[in-house]
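Here's the structure we're looking at; comments come further down.
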Amino acid sequence: MGWWGILNSVQDTPPGKAVRESISEYSELTLPNDSNSLGSLFGGKLMQYVDLAGSLAAARHARTAVVTVSVDSMTFLRPVAIGQLVILRSSVNRVFRTSMEVGVKVLVEDLRTGQQDHVSSAYLTFVALDQERRKIVLPPVIPETQEEIRRYGEAGDRRAYRLRQKEREKG
Ligand SMILES: CC(C)(COP(=O)(O)OP(=O)(O)OC[C@H]1O[C@@H](n2cnc3c(N)ncnc32)[C@H](O)[C@@H]1OP(=O)(O)O)[C@@H](O)C(=O)NCCC(=O)NCCS
């Protein structure tokens with residue numbers, strides 16, 4: 001590649017953004033309408049909150065439309081009582097090219113005591129699209145803290161696993 005090609009490829013890559021620019025928090029007070037037959041929060045409702053919280057961090061990084069392409073397996077560690085506050089913290093762990101992994105941590109707060117407990121964690125992959133639903137190359141994400149660097153590294157392993165799974169599903 002000549003100088004002109006190098007210059008063009010540098011210009012095509014959007015500048016990087018720090019992880020902290022995508023950090024998001026989303027909270028929901030659980031209501032009776034969202035309960036399962038035992039009177040605690042319906043799991044599908046929590047999954048909806050996770051998708052929403054993840055999309056906030058993804059959109060803050062991409063500053064364009066984002067769609068969920070995959071959600072890794074989720075475990076619910078404890079029931080969430082109706083009337084408790086669900087707090088979801090999300091940030092972009094790693095950008096690949098047109099896709100990015102977002103991590104979401106779910107906590108539940110008892111509003112009477114202030115005690116917060118970890119309920120679940122999830123990894124979602126979002127793809128950035130333009131108005132014509134064409135994929136867009138994302139700005140790289142820059143991990144700064146030790147925690148962010150660890151998540152960045154681990155996201156690479158998770159992506160390899162996901163893409164292997166996708167190939168298997170294709171048959
Ligand atoms: C997301 C979508 C645009 C991807 O289109 P596609 O032509 O299949 O795109 P590709 O195969 O080139 O994949 C695009 C990116 O997603 C990644 N990707 C695709 N499938 C993936 C999976 N199962 N897990 C993780 N990443 C995945 C690819 O690796 C690629 O990433 P990269 O550019 O960072 O390397 C398309 O599948 C779609 O529109 N899906 C529906 C999305 C949606 O509506 N979500 C809401 C659910 S109702």
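Letters A, B, ... mark the chains of the structure tokens in the order given; residue numbers begin at 1 per chain; ligand numbers begin at 1, in order shown.
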
Could you go through range 44-96 of chain A and tell me which residues DSSP, when run on the backbone, assigns to strand (DSSP E or B), listing them as a ChimeraX atom specification? /A:65-71,81,85-95

How would the residues just picked look written out with N, CA and C atoms as a short mmCIF file (atom, residue, chain, number, x, y, z; two decimals), in the first residue's frame?
data_model
loop_
_atom_site.label_atom_id
_atom_site.label_comp_id
_atom_site.auth_asym_id
_atom_site.auth_seq_id
_atom_site.Cartn_x
_atom_site.Cartn_y
_atom_site.Cartn_z
N ALA A 65 -27.74 3.97 15.25
CA ALA A 65 -28.65 2.88 15.63
C ALA A 65 -27.85 1.62 15.92
N VAL A 66 -28.29 0.86 16.92
CA VAL A 66 -27.63 -0.41 17.23
C VAL A 66 -28.70 -1.49 17.37
N VAL A 67 -28.38 -2.71 16.92
CA VAL A 67 -29.31 -3.83 17.09
C VAL A 67 -28.58 -4.96 17.82
N THR A 68 -29.35 -5.71 18.58
CA THR A 68 -28.79 -6.85 19.32
C THR A 68 -28.63 -8.00 18.35
N VAL A 69 -27.42 -8.55 18.24
CA VAL A 69 -27.23 -9.72 17.37
C VAL A 69 -27.12 -11.00 18.20
N SER A 70 -26.63 -10.89 19.45
CA SER A 70 -26.61 -12.08 20.30
C SER A 70 -26.57 -11.70 21.78
N VAL A 71 -27.08 -12.61 22.59
CA VAL A 71 -27.03 -12.48 24.05
C VAL A 71 -26.47 -13.78 24.58
N ALA A 81 -37.89 -9.35 44.31
CA ALA A 81 -39.25 -9.12 44.85
C ALA A 81 -39.88 -7.90 44.19
N LEU A 85 -35.91 -2.26 43.60
CA LEU A 85 -35.37 -1.49 42.47
C LEU A 85 -34.31 -2.33 41.75
N VAL A 86 -34.47 -2.47 40.44
CA VAL A 86 -33.45 -3.17 39.64
C VAL A 86 -32.52 -2.11 39.06
N ILE A 87 -31.22 -2.29 39.28
CA ILE A 87 -30.22 -1.33 38.79
C ILE A 87 -29.33 -2.07 37.81
N LEU A 88 -29.18 -1.53 36.62
CA LEU A 88 -28.39 -2.21 35.58
C LEU A 88 -27.25 -1.30 35.15
N ARG A 89 -26.02 -1.79 35.26
CA ARG A 89 -24.84 -0.99 34.88
C ARG A 89 -24.23 -1.62 33.63
N SER A 90 -23.96 -0.80 32.64
CA SER A 90 -23.46 -1.35 31.38
C SER A 90 -22.32 -0.52 30.83
N SER A 91 -21.45 -1.17 30.06
CA SER A 91 -20.39 -0.45 29.34
C SER A 91 -19.88 -1.34 28.21
N VAL A 92 -19.24 -0.71 27.24
CA VAL A 92 -18.69 -1.45 26.10
C VAL A 92 -17.38 -2.10 26.54
N ASN A 93 -17.30 -3.41 26.40
CA ASN A 93 -16.07 -4.13 26.79
C ASN A 93 -15.05 -4.11 25.66
N ARG A 94 -15.55 -4.32 24.44
CA ARG A 94 -14.62 -4.38 23.31
C ARG A 94 -15.37 -4.17 22.00
N VAL A 95 -14.71 -3.48 21.10
CA VAL A 95 -15.25 -3.30 19.75
C VAL A 95 -14.46 -4.22 18.82
#

Interface rows for chain A against ligand 1: nearest pair, Å to one decimal, 10 Å, only C-alpha atoms and all ligand atoms, as CSV:
residue,atom,partner,partner_atom_place_in_ligand_line,distance
A:Asp51,CA,ligand 1,46 (C),9.5
A:Val66,CA,ligand 1,45 (N),8.5
A:Val67,CA,ligand 1,45 (N),4.7
A:Thr68,CA,ligand 1,45 (N),4.4
A:Val69,CA,ligand 1,1 (C),4.7
A:Ser70,CA,ligand 1,24 (N),4.9
A:Val71,CA,ligand 1,24 (N),7.6
A:Asp72,CA,ligand 1,24 (N),8.5
A:Arg94,CA,ligand 1,34 (O),9.6
A:Val95,CA,ligand 1,34 (O),6.7
A:Phe96,CA,ligand 1,34 (O),4.0
A:Arg97,CA,ligand 1,34 (O),3.4
A:Thr98,CA,ligand 1,33 (O),3.6
A:Ser99,CA,ligand 1,34 (O),3.6
A:Met100,CA,ligand 1,34 (O),6.3
A:Glu101,CA,ligand 1,25 (C),8.1
A:Leu124,CA,ligand 1,25 (C),8.1
A:Thr125,CA,ligand 1,25 (C),5.5
A:Phe126,CA,ligand 1,1 (C),7.2
A:Val127,CA,ligand 1,1 (C),5.4
A:Ala128,CA,ligand 1,3 (C),7.8
A:Leu129,CA,ligand 1,3 (C),7.1
A:Arg133,CA,ligand 1,3 (C),6.9
A:Arg134,CA,ligand 1,3 (C),7.3
A:Lys135,CA,ligand 1,3 (C),6.4
A:Ile136,CA,ligand 1,33 (O),8.3
A:Val137,CA,ligand 1,33 (O),7.2
A:Leu138,CA,ligand 1,34 (O),8.2
A:Arg158,CA,ligand 1,25 (C),8.8
A:Arg159,CA,ligand 1,25 (C),6.1
A:Ala160,CA,ligand 1,25 (C),8.5
A:Tyr161,CA,ligand 1,24 (N),8.7
A:Arg162,CA,ligand 1,24 (N),5.0
A:Leu163,CA,ligand 1,24 (N),5.7
A:Arg164,CA,ligand 1,23 (N),8.8
A:Gln165,CA,ligand 1,23 (N),7.5
A:Lys166,CA,ligand 1,23 (N),5.3
A:Glu167,CA,ligand 1,23 (N),8.8
A:Glu169,CA,ligand 1,23 (N),9.4

Take the selection from the previous step and output its residues with C-alpha atoms, as a PDB file, in the first residue's frame.
ATOM      1  CA  ASP A  51     -31.234  -5.569  26.536  1.00  0.00           C
ATOM      2  CA  VAL A  66     -27.633  -0.409  17.233  1.00  0.00           C
ATOM      3  CA  VAL A  67     -29.310  -3.831  17.092  1.00  0.00           C
ATOM      4  CA  THR A  68     -28.788  -6.847  19.323  1.00  0.00           C
ATOM      5  CA  VAL A  69     -27.229  -9.724  17.373  1.00  0.00           C
ATOM      6  CA  SER A  70     -26.612 -12.084  20.304  1.00  0.00           C
ATOM      7  CA  VAL A  71     -27.033 -12.476  24.051  1.00  0.00           C
ATOM      8  CA  ASP A  72     -24.851 -14.911  25.967  1.00  0.00           C
ATOM      9  CA  ARG A  94     -14.617  -4.379  23.312  1.00  0.00           C
ATOM     10  CA  VAL A  95     -15.250  -3.298  19.748  1.00  0.00           C
ATOM     11  CA  PHE A  96     -14.455  -5.714  16.935  1.00  0.00           C
ATOM     12  CA  ARG A  97     -15.332  -4.085  13.599  1.00  0.00           C
ATOM     13  CA  THR A  98     -19.053  -3.470  13.124  1.00  0.00           C
ATOM     14  CA  SER A  99     -19.948  -5.278  16.359  1.00  0.00           C
ATOM     15  CA  MET A 100     -19.193  -4.670  20.010  1.00  0.00           C
ATOM     16  CA  GLU A 101     -19.546  -6.604  23.237  1.00  0.00           C
ATOM     17  CA  LEU A 124     -24.559  -8.849  24.646  1.00  0.00           C
ATOM     18  CA  THR A 125     -23.280  -8.168  21.155  1.00  0.00           C
ATOM     19  CA  PHE A 126     -24.648  -5.206  19.230  1.00  0.00           C
ATOM     20  CA  VAL A 127     -24.105  -4.232  15.604  1.00  0.00           C
ATOM     21  CA  ALA A 128     -24.143  -0.589  14.490  1.00  0.00           C
ATOM     22  CA  LEU A 129     -26.309   0.227  11.481  1.00  0.00           C
ATOM     23  CA  ARG A 133     -29.543  -0.860   7.817  1.00  0.00           C
ATOM     24  CA  ARG A 134     -26.005  -1.025   6.434  1.00  0.00           C
ATOM     25  CA  LYS A 135     -23.351  -2.065   8.928  1.00  0.00           C
ATOM     26  CA  ILE A 136     -21.019   0.704  10.139  1.00  0.00           C
ATOM     27  CA  VAL A 137     -17.383   0.360  11.226  1.00  0.00           C
ATOM     28  CA  LEU A 138     -17.256   1.417  14.884  1.00  0.00           C
ATOM     29  CA  ARG A 158     -16.039 -14.927  24.337  1.00  0.00           C
ATOM     30  CA  ARG A 159     -16.337 -13.684  20.755  1.00  0.00           C
ATOM     31  CA  ALA A 160     -14.378 -16.674  19.444  1.00  0.00           C
ATOM     32  CA  TYR A 161     -16.759 -18.986  21.354  1.00  0.00           C
ATOM     33  CA  ARG A 162     -19.861 -17.172  20.017  1.00  0.00           C
ATOM     34  CA  LEU A 163     -18.691 -17.345  16.423  1.00  0.00           C
ATOM     35  CA  ARG A 164     -17.944 -21.076  16.809  1.00  0.00           C
ATOM     36  CA  GLN A 165     -21.461 -21.569  18.234  1.00  0.00           C
ATOM     37  CA  LYS A 166     -22.942 -19.645  15.307  1.00  0.00           C
ATOM     38  CA  GLU A 167     -21.124 -21.928  12.838  1.00  0.00           C
ATOM     39  CA  GLU A 169     -26.004 -23.670  14.659  1.00  0.00           C
TER      40      GLU A 169
END

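Of note, CA of Asn36 in chain A and CA of Val50 in chain A are spaced 17.8 Å apart.
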
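Pairwise distance (CA of Val102 in chain A, CA of Ile23 in chain A) equals 9.9 Å.
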
Return the single residue from A:Thr75, A:Ser120, A:Gln48, A:Gln115 that is closest to Asp34 in chain A, with distances computed using only C-alpha atoms. A:Gln48

From a DSSP pass on the backbone, collect the residues of range 9-166 of chain A flagged as helix (DSSP H, G or I) and hand them back as a ChimeraX atom specification. /A:9-12,19-21,32-34,43-62,146-166

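Once His61 in chain A and its same-chain neighbours fewer than 4 positions away are set aside, Lys17, Glu21, Ser22, Ala57, Val92 and Pro139 of chain A remain within 8 Å of it when counting only C-alpha atoms.
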
Deliver the residues from the most recent selection as a file, using C-alpha atoms, as a short mmCIF file (atom, residue, chain, number, x, y, z; two decimals), in the first residue's frame.
data_model
loop_
_atom_site.label_atom_id
_atom_site.label_comp_id
_atom_site.auth_asym_id
_atom_site.auth_seq_id
_atom_site.Cartn_x
_atom_site.Cartn_y
_atom_site.Cartn_z
CA LYS A 17 -13.28 6.39 22.55
CA GLU A 21 -17.76 7.37 27.64
CA SER A 22 -20.20 4.45 27.25
CA ALA A 57 -23.98 1.74 26.40
CA VAL A 92 -18.69 -1.45 26.10
CA PRO A 139 -14.67 3.58 16.64
#

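If you look at CA of Asp130 in chain A and CA of Ala155 in chain A, they are 24.6 Å away from each other.
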